[in-house]
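Participant: Hey, dropping entry-v2.cif in here, mmCIF, N, CA and C atoms and all ligand atoms:
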data_coords
#
loop_
_atom_site.label_atom_id
_atom_site.label_comp_id
_atom_site.auth_asym_id
_atom_site.auth_seq_id
_atom_site.Cartn_x
_atom_site.Cartn_y
_atom_site.Cartn_z
N MET A 1 -9.13 -21.44 19.71
CA MET A 1 -10.25 -21.51 18.76
C MET A 1 -10.14 -20.40 17.70
N ALA A 2 -9.90 -19.16 18.16
CA ALA A 2 -9.82 -18.06 17.19
C ALA A 2 -8.59 -18.15 16.31
N ASP A 3 -7.62 -18.99 16.70
CA ASP A 3 -6.42 -19.08 15.85
C ASP A 3 -6.55 -20.17 14.78
N THR A 4 -7.74 -20.77 14.65
CA THR A 4 -7.93 -21.79 13.61
C THR A 4 -9.04 -21.41 12.64
N THR A 5 -9.55 -20.19 12.74
CA THR A 5 -10.67 -19.77 11.88
C THR A 5 -10.17 -19.33 10.50
N ILE A 6 -11.13 -19.11 9.63
CA ILE A 6 -10.83 -18.60 8.29
C ILE A 6 -10.13 -17.23 8.38
N PHE A 7 -10.46 -16.45 9.40
CA PHE A 7 -9.82 -15.14 9.54
C PHE A 7 -8.35 -15.29 9.95
N ALA A 8 -8.04 -16.32 10.75
CA ALA A 8 -6.64 -16.57 11.09
C ALA A 8 -5.86 -16.88 9.81
N LYS A 9 -6.50 -17.59 8.90
CA LYS A 9 -5.85 -17.94 7.62
C LYS A 9 -5.68 -16.70 6.75
N ILE A 10 -6.63 -15.79 6.84
CA ILE A 10 -6.48 -14.52 6.09
C ILE A 10 -5.32 -13.72 6.68
N ILE A 11 -5.23 -13.68 8.00
CA ILE A 11 -4.16 -12.92 8.66
C ILE A 11 -2.78 -13.49 8.28
N ASN A 12 -2.67 -14.82 8.27
CA ASN A 12 -1.33 -15.37 7.97
C ASN A 12 -1.09 -15.56 6.47
N GLY A 13 -2.05 -15.14 5.64
CA GLY A 13 -1.82 -15.14 4.20
C GLY A 13 -2.15 -16.44 3.49
N GLU A 14 -2.63 -17.43 4.26
CA GLU A 14 -3.00 -18.72 3.64
C GLU A 14 -4.17 -18.57 2.68
N ILE A 15 -5.08 -17.64 3.03
CA ILE A 15 -6.26 -17.38 2.20
C ILE A 15 -6.22 -15.91 1.80
N SER A 16 -6.52 -15.63 0.55
CA SER A 16 -6.46 -14.24 0.10
C SER A 16 -7.74 -13.49 0.46
N CYS A 17 -7.63 -12.18 0.45
CA CYS A 17 -8.80 -11.34 0.71
C CYS A 17 -8.63 -10.06 -0.08
N ASP A 18 -9.73 -9.33 -0.19
CA ASP A 18 -9.71 -8.04 -0.87
C ASP A 18 -9.35 -6.99 0.19
N LYS A 19 -8.06 -6.84 0.43
CA LYS A 19 -7.57 -6.07 1.57
C LYS A 19 -7.72 -4.56 1.38
N LEU A 20 -8.18 -3.88 2.42
CA LEU A 20 -8.33 -2.43 2.38
C LEU A 20 -7.28 -1.73 3.23
N TYR A 21 -6.79 -2.42 4.25
CA TYR A 21 -5.89 -1.77 5.21
C TYR A 21 -5.20 -2.87 6.03
N GLU A 22 -3.97 -2.60 6.42
CA GLU A 22 -3.29 -3.52 7.35
C GLU A 22 -2.25 -2.75 8.14
N ASP A 23 -2.13 -3.06 9.42
CA ASP A 23 -1.01 -2.57 10.23
C ASP A 23 -0.63 -3.68 11.19
N GLU A 24 0.20 -3.38 12.18
CA GLU A 24 0.68 -4.46 13.05
C GLU A 24 -0.42 -5.03 13.95
N PHE A 25 -1.51 -4.30 14.11
CA PHE A 25 -2.56 -4.73 15.03
C PHE A 25 -3.80 -5.31 14.36
N CYS A 26 -4.04 -4.93 13.12
CA CYS A 26 -5.32 -5.32 12.50
C CYS A 26 -5.23 -5.39 10.98
N ILE A 27 -6.28 -5.94 10.43
CA ILE A 27 -6.40 -5.99 8.97
C ILE A 27 -7.88 -5.73 8.64
N ALA A 28 -8.12 -5.07 7.52
CA ALA A 28 -9.48 -4.79 7.08
C ALA A 28 -9.63 -5.24 5.63
N PHE A 29 -10.77 -5.83 5.32
CA PHE A 29 -10.99 -6.36 3.98
C PHE A 29 -12.49 -6.41 3.68
N ASN A 30 -12.81 -6.46 2.40
CA ASN A 30 -14.21 -6.53 2.00
C ASN A 30 -14.80 -7.88 2.38
N ASP A 31 -16.05 -7.85 2.83
CA ASP A 31 -16.75 -9.09 3.16
C ASP A 31 -17.00 -9.87 1.86
N ILE A 32 -16.82 -11.17 1.94
CA ILE A 32 -16.97 -12.01 0.74
C ILE A 32 -18.44 -12.12 0.32
N ALA A 33 -19.36 -11.90 1.25
CA ALA A 33 -20.79 -11.99 0.96
C ALA A 33 -21.45 -10.69 1.39
N SER A 34 -21.15 -9.64 0.63
CA SER A 34 -21.61 -8.28 0.96
C SER A 34 -23.10 -8.20 1.24
N GLN A 35 -23.45 -7.58 2.33
CA GLN A 35 -24.87 -7.36 2.68
C GLN A 35 -25.31 -5.93 2.38
N ALA A 36 -24.45 -5.16 1.74
CA ALA A 36 -24.74 -3.77 1.38
C ALA A 36 -23.74 -3.39 0.29
N PRO A 37 -24.00 -2.29 -0.44
CA PRO A 37 -23.05 -1.89 -1.48
C PRO A 37 -21.62 -1.76 -0.96
N ILE A 38 -21.49 -1.30 0.28
CA ILE A 38 -20.18 -1.28 0.95
C ILE A 38 -20.29 -2.15 2.19
N HIS A 39 -19.41 -3.12 2.31
CA HIS A 39 -19.43 -4.01 3.49
C HIS A 39 -18.02 -4.54 3.70
N TYR A 40 -17.37 -4.00 4.71
CA TYR A 40 -16.03 -4.48 5.02
C TYR A 40 -15.92 -4.83 6.50
N LEU A 41 -14.89 -5.58 6.80
CA LEU A 41 -14.65 -6.07 8.16
C LEU A 41 -13.31 -5.56 8.64
N VAL A 42 -13.26 -5.20 9.91
CA VAL A 42 -11.99 -4.85 10.55
C VAL A 42 -11.76 -5.88 11.65
N ILE A 43 -10.62 -6.55 11.60
CA ILE A 43 -10.37 -7.62 12.57
C ILE A 43 -9.00 -7.43 13.23
N PRO A 44 -8.89 -7.79 14.50
CA PRO A 44 -7.58 -7.71 15.15
C PRO A 44 -6.72 -8.89 14.69
N LYS A 45 -5.42 -8.71 14.69
CA LYS A 45 -4.54 -9.85 14.41
C LYS A 45 -4.48 -10.78 15.62
N LYS A 46 -4.69 -10.21 16.79
CA LYS A 46 -4.73 -11.02 18.01
C LYS A 46 -5.94 -11.96 17.92
N PRO A 47 -5.73 -13.26 18.20
CA PRO A 47 -6.84 -14.21 18.05
C PRO A 47 -7.83 -14.17 19.21
N ILE A 48 -8.69 -13.17 19.18
CA ILE A 48 -9.74 -13.03 20.20
C ILE A 48 -11.03 -13.60 19.60
N ILE A 49 -11.71 -14.46 20.33
CA ILE A 49 -12.90 -15.12 19.80
C ILE A 49 -14.04 -14.13 19.56
N SER A 50 -14.30 -13.29 20.53
CA SER A 50 -15.42 -12.34 20.41
C SER A 50 -15.25 -11.24 21.45
N LEU A 51 -16.19 -10.29 21.44
CA LEU A 51 -16.14 -9.21 22.43
C LEU A 51 -16.20 -9.76 23.85
N LEU A 52 -16.86 -10.89 24.00
CA LEU A 52 -17.00 -11.52 25.33
C LEU A 52 -15.63 -11.86 25.94
N GLU A 53 -14.68 -12.16 25.10
CA GLU A 53 -13.35 -12.55 25.61
C GLU A 53 -12.41 -11.36 25.77
N CYS A 54 -12.86 -10.16 25.43
CA CYS A 54 -11.99 -8.99 25.53
C CYS A 54 -11.76 -8.60 27.00
N GLU A 55 -10.57 -8.11 27.27
CA GLU A 55 -10.18 -7.71 28.63
C GLU A 55 -9.86 -6.22 28.62
N ASN A 56 -9.65 -5.68 29.80
CA ASN A 56 -9.24 -4.26 29.89
C ASN A 56 -8.00 -3.98 29.06
N ASP A 57 -7.11 -4.95 28.98
CA ASP A 57 -5.87 -4.78 28.19
C ASP A 57 -6.16 -4.57 26.70
N ASP A 58 -7.36 -4.92 26.28
CA ASP A 58 -7.72 -4.80 24.85
C ASP A 58 -8.37 -3.46 24.52
N LYS A 59 -8.42 -2.57 25.53
CA LYS A 59 -9.11 -1.29 25.36
C LYS A 59 -8.56 -0.50 24.16
N ASN A 60 -7.25 -0.37 24.10
CA ASN A 60 -6.65 0.40 23.00
C ASN A 60 -6.88 -0.29 21.66
N LEU A 61 -6.78 -1.60 21.67
CA LEU A 61 -6.99 -2.37 20.44
C LEU A 61 -8.41 -2.16 19.92
N LEU A 62 -9.39 -2.23 20.80
CA LEU A 62 -10.79 -2.05 20.38
C LEU A 62 -11.03 -0.66 19.80
N GLY A 63 -10.47 0.34 20.44
CA GLY A 63 -10.58 1.70 19.91
C GLY A 63 -9.91 1.81 18.55
N HIS A 64 -8.76 1.17 18.44
CA HIS A 64 -8.02 1.20 17.17
C HIS A 64 -8.85 0.60 16.03
N LEU A 65 -9.51 -0.52 16.30
CA LEU A 65 -10.32 -1.17 15.26
C LEU A 65 -11.41 -0.23 14.75
N LEU A 66 -12.06 0.46 15.68
CA LEU A 66 -13.13 1.39 15.28
C LEU A 66 -12.56 2.56 14.47
N LEU A 67 -11.42 3.07 14.90
CA LEU A 67 -10.84 4.22 14.19
C LEU A 67 -10.30 3.83 12.82
N VAL A 68 -9.80 2.62 12.70
CA VAL A 68 -9.37 2.14 11.37
C VAL A 68 -10.59 2.02 10.47
N GLY A 69 -11.69 1.49 11.01
CA GLY A 69 -12.92 1.40 10.22
C GLY A 69 -13.39 2.77 9.77
N LYS A 70 -13.29 3.75 10.66
CA LYS A 70 -13.69 5.12 10.30
C LYS A 70 -12.76 5.70 9.23
N LYS A 71 -11.49 5.44 9.37
CA LYS A 71 -10.52 5.95 8.39
C LYS A 71 -10.86 5.41 6.97
N ILE A 72 -11.22 4.14 6.91
CA ILE A 72 -11.58 3.56 5.62
C ILE A 72 -12.86 4.22 5.09
N ALA A 73 -13.81 4.46 5.99
CA ALA A 73 -15.07 5.12 5.59
C ALA A 73 -14.77 6.50 5.00
N ILE A 74 -13.89 7.24 5.66
CA ILE A 74 -13.53 8.58 5.16
C ILE A 74 -12.89 8.46 3.78
N GLU A 75 -12.00 7.48 3.62
CA GLU A 75 -11.35 7.27 2.31
C GLU A 75 -12.39 6.95 1.24
N LYS A 76 -13.44 6.24 1.65
CA LYS A 76 -14.49 5.87 0.70
C LYS A 76 -15.53 6.98 0.54
N LYS A 77 -15.28 8.09 1.26
CA LYS A 77 -16.17 9.26 1.21
C LYS A 77 -17.59 8.92 1.66
N ILE A 78 -17.72 8.10 2.68
CA ILE A 78 -19.05 7.83 3.24
C ILE A 78 -19.10 8.42 4.65
N ASN A 79 -20.28 8.92 5.00
CA ASN A 79 -20.44 9.44 6.36
C ASN A 79 -21.70 8.89 7.04
N ASN A 80 -22.26 7.85 6.42
CA ASN A 80 -23.37 7.11 7.03
C ASN A 80 -23.03 5.63 6.93
N TRP A 81 -22.99 4.97 8.04
CA TRP A 81 -22.75 3.54 7.98
C TRP A 81 -23.26 2.90 9.25
N ARG A 82 -23.35 1.58 9.22
CA ARG A 82 -23.70 0.82 10.42
C ARG A 82 -22.52 -0.06 10.80
N THR A 83 -22.20 -0.06 12.09
CA THR A 83 -21.19 -0.99 12.61
C THR A 83 -21.92 -2.10 13.36
N VAL A 84 -21.47 -3.31 13.14
CA VAL A 84 -22.08 -4.48 13.80
C VAL A 84 -20.97 -5.35 14.36
N ILE A 85 -21.16 -5.77 15.60
CA ILE A 85 -20.26 -6.78 16.19
C ILE A 85 -21.16 -7.90 16.71
N ASN A 86 -21.23 -8.99 16.00
CA ASN A 86 -22.00 -10.14 16.47
C ASN A 86 -21.18 -10.89 17.51
N THR A 87 -21.82 -11.21 18.62
CA THR A 87 -21.12 -11.90 19.72
C THR A 87 -21.91 -13.14 20.09
N GLY A 88 -21.39 -14.30 19.69
CA GLY A 88 -22.06 -15.56 19.97
C GLY A 88 -22.94 -16.00 18.81
N ALA A 89 -23.11 -17.31 18.70
CA ALA A 89 -23.84 -17.90 17.57
C ALA A 89 -25.27 -17.37 17.47
N GLU A 90 -25.92 -17.19 18.60
CA GLU A 90 -27.32 -16.75 18.57
C GLU A 90 -27.45 -15.33 18.01
N SER A 91 -26.42 -14.54 18.16
CA SER A 91 -26.45 -13.17 17.63
C SER A 91 -26.19 -13.14 16.13
N GLY A 92 -25.72 -14.26 15.60
CA GLY A 92 -25.39 -14.32 14.18
C GLY A 92 -23.91 -14.48 13.91
N GLN A 93 -23.10 -14.59 14.96
CA GLN A 93 -21.65 -14.76 14.74
C GLN A 93 -21.38 -16.14 14.11
N THR A 94 -20.70 -16.13 12.99
CA THR A 94 -20.37 -17.38 12.30
C THR A 94 -18.88 -17.63 12.25
N VAL A 95 -18.09 -16.57 12.38
CA VAL A 95 -16.63 -16.72 12.41
C VAL A 95 -16.17 -16.31 13.80
N PHE A 96 -15.55 -17.24 14.49
CA PHE A 96 -15.24 -17.00 15.91
C PHE A 96 -13.85 -16.41 16.09
N HIS A 97 -13.71 -15.27 15.44
CA HIS A 97 -12.55 -14.38 15.56
C HIS A 97 -13.17 -12.98 15.53
N LEU A 98 -12.96 -12.21 16.59
CA LEU A 98 -13.58 -10.89 16.70
C LEU A 98 -13.49 -10.09 15.39
N HIS A 99 -14.59 -9.48 14.98
CA HIS A 99 -14.58 -8.64 13.79
C HIS A 99 -15.68 -7.60 13.89
N ILE A 100 -15.42 -6.46 13.30
CA ILE A 100 -16.41 -5.39 13.24
C ILE A 100 -16.85 -5.24 11.79
N HIS A 101 -18.16 -5.36 11.58
CA HIS A 101 -18.71 -5.12 10.24
C HIS A 101 -18.92 -3.61 10.06
N PHE A 102 -18.61 -3.09 8.90
CA PHE A 102 -18.98 -1.73 8.50
C PHE A 102 -19.81 -1.86 7.22
N LEU A 103 -21.08 -1.41 7.32
CA LEU A 103 -22.00 -1.53 6.18
C LEU A 103 -22.50 -0.15 5.78
N SER A 104 -22.57 0.08 4.46
CA SER A 104 -23.03 1.38 4.00
C SER A 104 -23.53 1.28 2.55
N GLY A 105 -24.14 2.39 2.09
CA GLY A 105 -24.55 2.46 0.69
C GLY A 105 -26.01 2.13 0.47
N ARG A 106 -26.73 1.86 1.54
CA ARG A 106 -28.17 1.66 1.42
C ARG A 106 -28.81 2.04 2.75
N SER A 107 -30.15 2.22 2.75
CA SER A 107 -30.85 2.50 4.01
C SER A 107 -30.85 1.24 4.86
N MET A 108 -30.73 1.45 6.15
CA MET A 108 -30.71 0.33 7.09
C MET A 108 -32.03 0.31 7.87
N ASN A 109 -32.47 -0.86 8.22
CA ASN A 109 -33.68 -1.00 9.03
C ASN A 109 -33.36 -1.07 10.51
N TRP A 110 -34.32 -0.66 11.30
CA TRP A 110 -34.21 -0.81 12.76
C TRP A 110 -35.57 -1.20 13.31
N PRO A 111 -35.76 -2.18 14.16
CA PRO A 111 -34.68 -2.99 14.72
C PRO A 111 -34.08 -3.96 13.69
N PRO A 112 -32.83 -4.34 13.89
CA PRO A 112 -32.20 -5.29 12.98
C PRO A 112 -32.84 -6.66 13.16
N GLY A 113 -32.75 -7.49 12.17
CA GLY A 113 -33.40 -8.81 12.23
C GLY A 113 -32.65 -9.76 13.13
P1 LIG B 1 -20.38 -12.96 11.42
O1 LIG B 1 -21.58 -13.66 10.86
O2 LIG B 1 -19.47 -13.93 12.15
O3 LIG B 1 -20.67 -11.72 12.21
O4 LIG B 1 -19.58 -12.43 10.17
C1 LIG B 1 -18.67 -13.20 9.46
C2 LIG B 1 -18.52 -12.54 8.12
O5 LIG B 1 -17.37 -13.07 7.50
C3 LIG B 1 -19.69 -12.82 7.18
O6 LIG B 1 -20.28 -11.59 6.78
C4 LIG B 1 -19.05 -13.58 6.01
O7 LIG B 1 -19.59 -13.24 4.77
C5 LIG B 1 -17.59 -13.16 6.13
N1 LIG B 1 -16.66 -14.16 5.63
C6 LIG B 1 -16.67 -15.49 5.92
N2 LIG B 1 -15.65 -16.11 5.29
C7 LIG B 1 -14.99 -15.14 4.60
C8 LIG B 1 -13.85 -15.17 3.74
O8 LIG B 1 -13.23 -16.20 3.50
N3 LIG B 1 -13.45 -13.99 3.21
C9 LIG B 1 -14.11 -12.82 3.48
N4 LIG B 1 -13.63 -11.72 2.90
N5 LIG B 1 -15.19 -12.76 4.29
C10 LIG B 1 -15.63 -13.91 4.82
#
Starting from the coordinates I provided, produce the structure as structure tokens.
Ligand code: 5GP
Facilitator:
Amino acid sequence: MADTTIFAKIINGEISCDKLYEDEFCIAFNDIASQAPIHYLVIPKKPIISLLECENDDKNLLGHLLLVGKKIAIEKKINNWRTVINTGAESGQTVFHLHIHFLSGRSMNWPPG
């Protein structure tokens, strides 16, 4: 399932994106429908549907995704941001390929909607 999503197409280059970072494990790019002045996604190249499907073997990968997101934040000179991982349709997940949202540049509300 995760290997047929729009993000799989971004990973294999079929669809373009506003890329911020790429290495052998992940890719990061600006969200096409920004919900904040800064809104980018960090996604693994491995086709994992969501956090629910992650295993112990994915521990290093998950840490890597967060640290790549932080590295981009530092490059953008931001030190306040929100990270979001939607898991499942009811949580708001619309693309069924694991991704971490990084949002910044405005005040955030809590609790989230
Ligand atoms: P979700 O709702 O699954 O947590 O987040 C999916 C995110 O992917 C949404 O914020 C949506 O705007 C973004 N998105 C969906 N399709 C594309 C696309 O083709 N390109 C980019 N850059 N972002 C996309």
Participant: Excluding A:Val84 and any residue of its chain fewer than 4 positions from it, enumerate the residues within 7 Å of it, using only N, CA and C atoms, and give them as a PyMOL selection string.
Facilitator: chain A and resi 99-103
Participant: Check chain A with DSSP on the backbone and list each residue it calls strand (DSSP E), as a ChimeraX atom specification.
Facilitator: /A:19-22,26-30,38-44,82-84,100-104
Participant: The selected residues should be written to file as a compact mmCIF listing (two decimals), in the frame of the given file (atoms: N, CA and C atoms).
Facilitator:
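out-v4.txt was written with the following content:
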# COMPACT_ATOMS: atom_id res chain seq x y z
N LYS A 19 -8.06 -6.84 0.43
CA LYS A 19 -7.57 -6.07 1.57
C LYS A 19 -7.72 -4.56 1.38
N LEU A 20 -8.18 -3.88 2.42
CA LEU A 20 -8.33 -2.43 2.38
C LEU A 20 -7.28 -1.73 3.23
N TYR A 21 -6.79 -2.42 4.25
CA TYR A 21 -5.89 -1.77 5.21
C TYR A 21 -5.20 -2.87 6.03
N GLU A 22 -3.97 -2.60 6.42
CA GLU A 22 -3.29 -3.52 7.35
C GLU A 22 -2.25 -2.75 8.14
N CYS A 26 -4.04 -4.93 13.12
CA CYS A 26 -5.32 -5.32 12.50
C CYS A 26 -5.23 -5.39 10.98
N ILE A 27 -6.28 -5.94 10.43
CA ILE A 27 -6.40 -5.99 8.97
C ILE A 27 -7.88 -5.73 8.64
N ALA A 28 -8.12 -5.07 7.52
CA ALA A 28 -9.48 -4.79 7.08
C ALA A 28 -9.63 -5.24 5.63
N PHE A 29 -10.77 -5.83 5.32
CA PHE A 29 -10.99 -6.36 3.98
C PHE A 29 -12.49 -6.41 3.68
N ASN A 30 -12.81 -6.46 2.40
CA ASN A 30 -14.21 -6.53 2.00
C ASN A 30 -14.80 -7.88 2.38
N ILE A 38 -21.49 -1.30 0.28
CA ILE A 38 -20.18 -1.28 0.95
C ILE A 38 -20.29 -2.15 2.19
N HIS A 39 -19.41 -3.12 2.31
CA HIS A 39 -19.43 -4.01 3.49
C HIS A 39 -18.02 -4.54 3.70
N TYR A 40 -17.37 -4.00 4.71
CA TYR A 40 -16.03 -4.48 5.02
C TYR A 40 -15.92 -4.83 6.50
N LEU A 41 -14.89 -5.58 6.80
CA LEU A 41 -14.65 -6.07 8.16
C LEU A 41 -13.31 -5.56 8.64
N VAL A 42 -13.26 -5.20 9.91
CA VAL A 42 -11.99 -4.85 10.55
C VAL A 42 -11.76 -5.88 11.65
N ILE A 43 -10.62 -6.55 11.60
CA ILE A 43 -10.37 -7.62 12.57
C ILE A 43 -9.00 -7.43 13.23
N PRO A 44 -8.89 -7.79 14.50
CA PRO A 44 -7.58 -7.71 15.15
C PRO A 44 -6.72 -8.89 14.69
N ARG A 82 -23.35 1.58 9.22
CA ARG A 82 -23.70 0.82 10.42
C ARG A 82 -22.52 -0.06 10.80
N THR A 83 -22.20 -0.06 12.09
CA THR A 83 -21.19 -0.99 12.61
C THR A 83 -21.92 -2.10 13.36
N VAL A 84 -21.47 -3.31 13.14
CA VAL A 84 -22.08 -4.48 13.80
C VAL A 84 -20.97 -5.35 14.36
N ILE A 100 -15.42 -6.46 13.30
CA ILE A 100 -16.41 -5.39 13.24
C ILE A 100 -16.85 -5.24 11.79
N HIS A 101 -18.16 -5.36 11.58
CA HIS A 101 -18.71 -5.12 10.24
C HIS A 101 -18.92 -3.61 10.06
N PHE A 102 -18.61 -3.09 8.90
CA PHE A 102 -18.98 -1.73 8.50
C PHE A 102 -19.81 -1.86 7.22
N LEU A 103 -21.08 -1.41 7.32
CA LEU A 103 -22.00 -1.53 6.18
C LEU A 103 -22.50 -0.15 5.78
N SER A 104 -22.57 0.08 4.46
CA SER A 104 -23.03 1.38 4.00
C SER A 104 -23.53 1.28 2.55
Participant: Show me which residues are within 12 Å of ligand LIG 1 (chain B) counting only C-alpha atoms and all ligand atoms, and format the list as a short mmCIF file (atom, residue, chain, number, x, y, z; two decimals) with N, CA and C atoms, keeping the file's coordinate frame.
Facilitator:
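Dumped to selection.cif:
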data_model
loop_
_atom_site.label_atom_id
_atom_site.label_comp_id
_atom_site.auth_asym_id
_atom_site.auth_seq_id
_atom_site.Cartn_x
_atom_site.Cartn_y
_atom_site.Cartn_z
N ALA A 2 -9.90 -19.16 18.16
CA ALA A 2 -9.82 -18.06 17.19
C ALA A 2 -8.59 -18.15 16.31
N THR A 5 -9.55 -20.19 12.74
CA THR A 5 -10.67 -19.77 11.88
C THR A 5 -10.17 -19.33 10.50
N ILE A 6 -11.13 -19.11 9.63
CA ILE A 6 -10.83 -18.60 8.29
C ILE A 6 -10.13 -17.23 8.38
N PHE A 7 -10.46 -16.45 9.40
CA PHE A 7 -9.82 -15.14 9.54
C PHE A 7 -8.35 -15.29 9.95
N ALA A 8 -8.04 -16.32 10.75
CA ALA A 8 -6.64 -16.57 11.09
C ALA A 8 -5.86 -16.88 9.81
N LYS A 9 -6.50 -17.59 8.90
CA LYS A 9 -5.85 -17.94 7.62
C LYS A 9 -5.68 -16.70 6.75
N ILE A 10 -6.63 -15.79 6.84
CA ILE A 10 -6.48 -14.52 6.09
C ILE A 10 -5.32 -13.72 6.68
N ILE A 11 -5.23 -13.68 8.00
CA ILE A 11 -4.16 -12.92 8.66
C ILE A 11 -2.78 -13.49 8.28
N GLY A 13 -2.05 -15.14 5.64
CA GLY A 13 -1.82 -15.14 4.20
C GLY A 13 -2.15 -16.44 3.49
N GLU A 14 -2.63 -17.43 4.26
CA GLU A 14 -3.00 -18.72 3.64
C GLU A 14 -4.17 -18.57 2.68
N ILE A 15 -5.08 -17.64 3.03
CA ILE A 15 -6.26 -17.38 2.20
C ILE A 15 -6.22 -15.91 1.80
N SER A 16 -6.52 -15.63 0.55
CA SER A 16 -6.46 -14.24 0.10
C SER A 16 -7.74 -13.49 0.46
N CYS A 17 -7.63 -12.18 0.45
CA CYS A 17 -8.80 -11.34 0.71
C CYS A 17 -8.63 -10.06 -0.08
N ASP A 18 -9.73 -9.33 -0.19
CA ASP A 18 -9.71 -8.04 -0.87
C ASP A 18 -9.35 -6.99 0.19
N LYS A 19 -8.06 -6.84 0.43
CA LYS A 19 -7.57 -6.07 1.57
C LYS A 19 -7.72 -4.56 1.38
N LEU A 20 -8.18 -3.88 2.42
CA LEU A 20 -8.33 -2.43 2.38
C LEU A 20 -7.28 -1.73 3.23
N ILE A 27 -6.28 -5.94 10.43
CA ILE A 27 -6.40 -5.99 8.97
C ILE A 27 -7.88 -5.73 8.64
N ALA A 28 -8.12 -5.07 7.52
CA ALA A 28 -9.48 -4.79 7.08
C ALA A 28 -9.63 -5.24 5.63
N PHE A 29 -10.77 -5.83 5.32
CA PHE A 29 -10.99 -6.36 3.98
C PHE A 29 -12.49 -6.41 3.68
N ASN A 30 -12.81 -6.46 2.40
CA ASN A 30 -14.21 -6.53 2.00
C ASN A 30 -14.80 -7.88 2.38
N ASP A 31 -16.05 -7.85 2.83
CA ASP A 31 -16.75 -9.09 3.16
C ASP A 31 -17.00 -9.87 1.86
N ILE A 32 -16.82 -11.17 1.94
CA ILE A 32 -16.97 -12.01 0.74
C ILE A 32 -18.44 -12.12 0.32
N ALA A 33 -19.36 -11.90 1.25
CA ALA A 33 -20.79 -11.99 0.96
C ALA A 33 -21.45 -10.69 1.39
N SER A 34 -21.15 -9.64 0.63
CA SER A 34 -21.61 -8.28 0.96
C SER A 34 -23.10 -8.20 1.24
N GLN A 35 -23.45 -7.58 2.33
CA GLN A 35 -24.87 -7.36 2.68
C GLN A 35 -25.31 -5.93 2.38
N ALA A 36 -24.45 -5.16 1.74
CA ALA A 36 -24.74 -3.77 1.38
C ALA A 36 -23.74 -3.39 0.29
N ILE A 38 -21.49 -1.30 0.28
CA ILE A 38 -20.18 -1.28 0.95
C ILE A 38 -20.29 -2.15 2.19
N HIS A 39 -19.41 -3.12 2.31
CA HIS A 39 -19.43 -4.01 3.49
C HIS A 39 -18.02 -4.54 3.70
N TYR A 40 -17.37 -4.00 4.71
CA TYR A 40 -16.03 -4.48 5.02
C TYR A 40 -15.92 -4.83 6.50
N LEU A 41 -14.89 -5.58 6.80
CA LEU A 41 -14.65 -6.07 8.16
C LEU A 41 -13.31 -5.56 8.64
N VAL A 42 -13.26 -5.20 9.91
CA VAL A 42 -11.99 -4.85 10.55
C VAL A 42 -11.76 -5.88 11.65
N ILE A 43 -10.62 -6.55 11.60
CA ILE A 43 -10.37 -7.62 12.57
C ILE A 43 -9.00 -7.43 13.23
N ILE A 49 -11.71 -14.46 20.33
CA ILE A 49 -12.90 -15.12 19.80
C ILE A 49 -14.04 -14.13 19.56
N SER A 50 -14.30 -13.29 20.53
CA SER A 50 -15.42 -12.34 20.41
C SER A 50 -15.25 -11.24 21.45
N LEU A 51 -16.19 -10.29 21.44
CA LEU A 51 -16.14 -9.21 22.43
C LEU A 51 -16.20 -9.76 23.85
N THR A 83 -22.20 -0.06 12.09
CA THR A 83 -21.19 -0.99 12.61
C THR A 83 -21.92 -2.10 13.36
N VAL A 84 -21.47 -3.31 13.14
CA VAL A 84 -22.08 -4.48 13.80
C VAL A 84 -20.97 -5.35 14.36
N ILE A 85 -21.16 -5.77 15.60
CA ILE A 85 -20.26 -6.78 16.19
C ILE A 85 -21.16 -7.90 16.71
N ASN A 86 -21.23 -8.99 16.00
CA ASN A 86 -22.00 -10.14 16.47
C ASN A 86 -21.18 -10.89 17.51
N THR A 87 -21.82 -11.21 18.62
CA THR A 87 -21.12 -11.90 19.72
C THR A 87 -21.91 -13.14 20.09
N GLY A 88 -21.39 -14.30 19.69
CA GLY A 88 -22.06 -15.56 19.97
C GLY A 88 -22.94 -16.00 18.81
N ALA A 89 -23.11 -17.31 18.70
CA ALA A 89 -23.84 -17.90 17.57
C ALA A 89 -25.27 -17.37 17.47
N GLU A 90 -25.92 -17.19 18.60
CA GLU A 90 -27.32 -16.75 18.57
C GLU A 90 -27.45 -15.33 18.01
N SER A 91 -26.42 -14.54 18.16
CA SER A 91 -26.45 -13.17 17.63
C SER A 91 -26.19 -13.14 16.13
N GLY A 92 -25.72 -14.26 15.60
CA GLY A 92 -25.39 -14.32 14.18
C GLY A 92 -23.91 -14.48 13.91
N GLN A 93 -23.10 -14.59 14.96
CA GLN A 93 -21.65 -14.76 14.74
C GLN A 93 -21.38 -16.14 14.11
N THR A 94 -20.70 -16.13 12.99
CA THR A 94 -20.37 -17.38 12.30
C THR A 94 -18.88 -17.63 12.25
N VAL A 95 -18.09 -16.57 12.38
CA VAL A 95 -16.63 -16.72 12.41
C VAL A 95 -16.17 -16.31 13.80
N PHE A 96 -15.55 -17.24 14.49
CA PHE A 96 -15.24 -17.00 15.91
C PHE A 96 -13.85 -16.41 16.09
N HIS A 97 -13.71 -15.27 15.44
CA HIS A 97 -12.55 -14.38 15.56
C HIS A 97 -13.17 -12.98 15.53
N LEU A 98 -12.96 -12.21 16.59
CA LEU A 98 -13.58 -10.89 16.70
C LEU A 98 -13.49 -10.09 15.39
N HIS A 99 -14.59 -9.48 14.98
CA HIS A 99 -14.58 -8.64 13.79
C HIS A 99 -15.68 -7.60 13.89
N ILE A 100 -15.42 -6.46 13.30
CA ILE A 100 -16.41 -5.39 13.24
C ILE A 100 -16.85 -5.24 11.79
N HIS A 101 -18.16 -5.36 11.58
CA HIS A 101 -18.71 -5.12 10.24
C HIS A 101 -18.92 -3.61 10.06
N PHE A 102 -18.61 -3.09 8.90
CA PHE A 102 -18.98 -1.73 8.50
C PHE A 102 -19.81 -1.86 7.22
N LEU A 103 -21.08 -1.41 7.32
CA LEU A 103 -22.00 -1.53 6.18
C LEU A 103 -22.50 -0.15 5.78
#
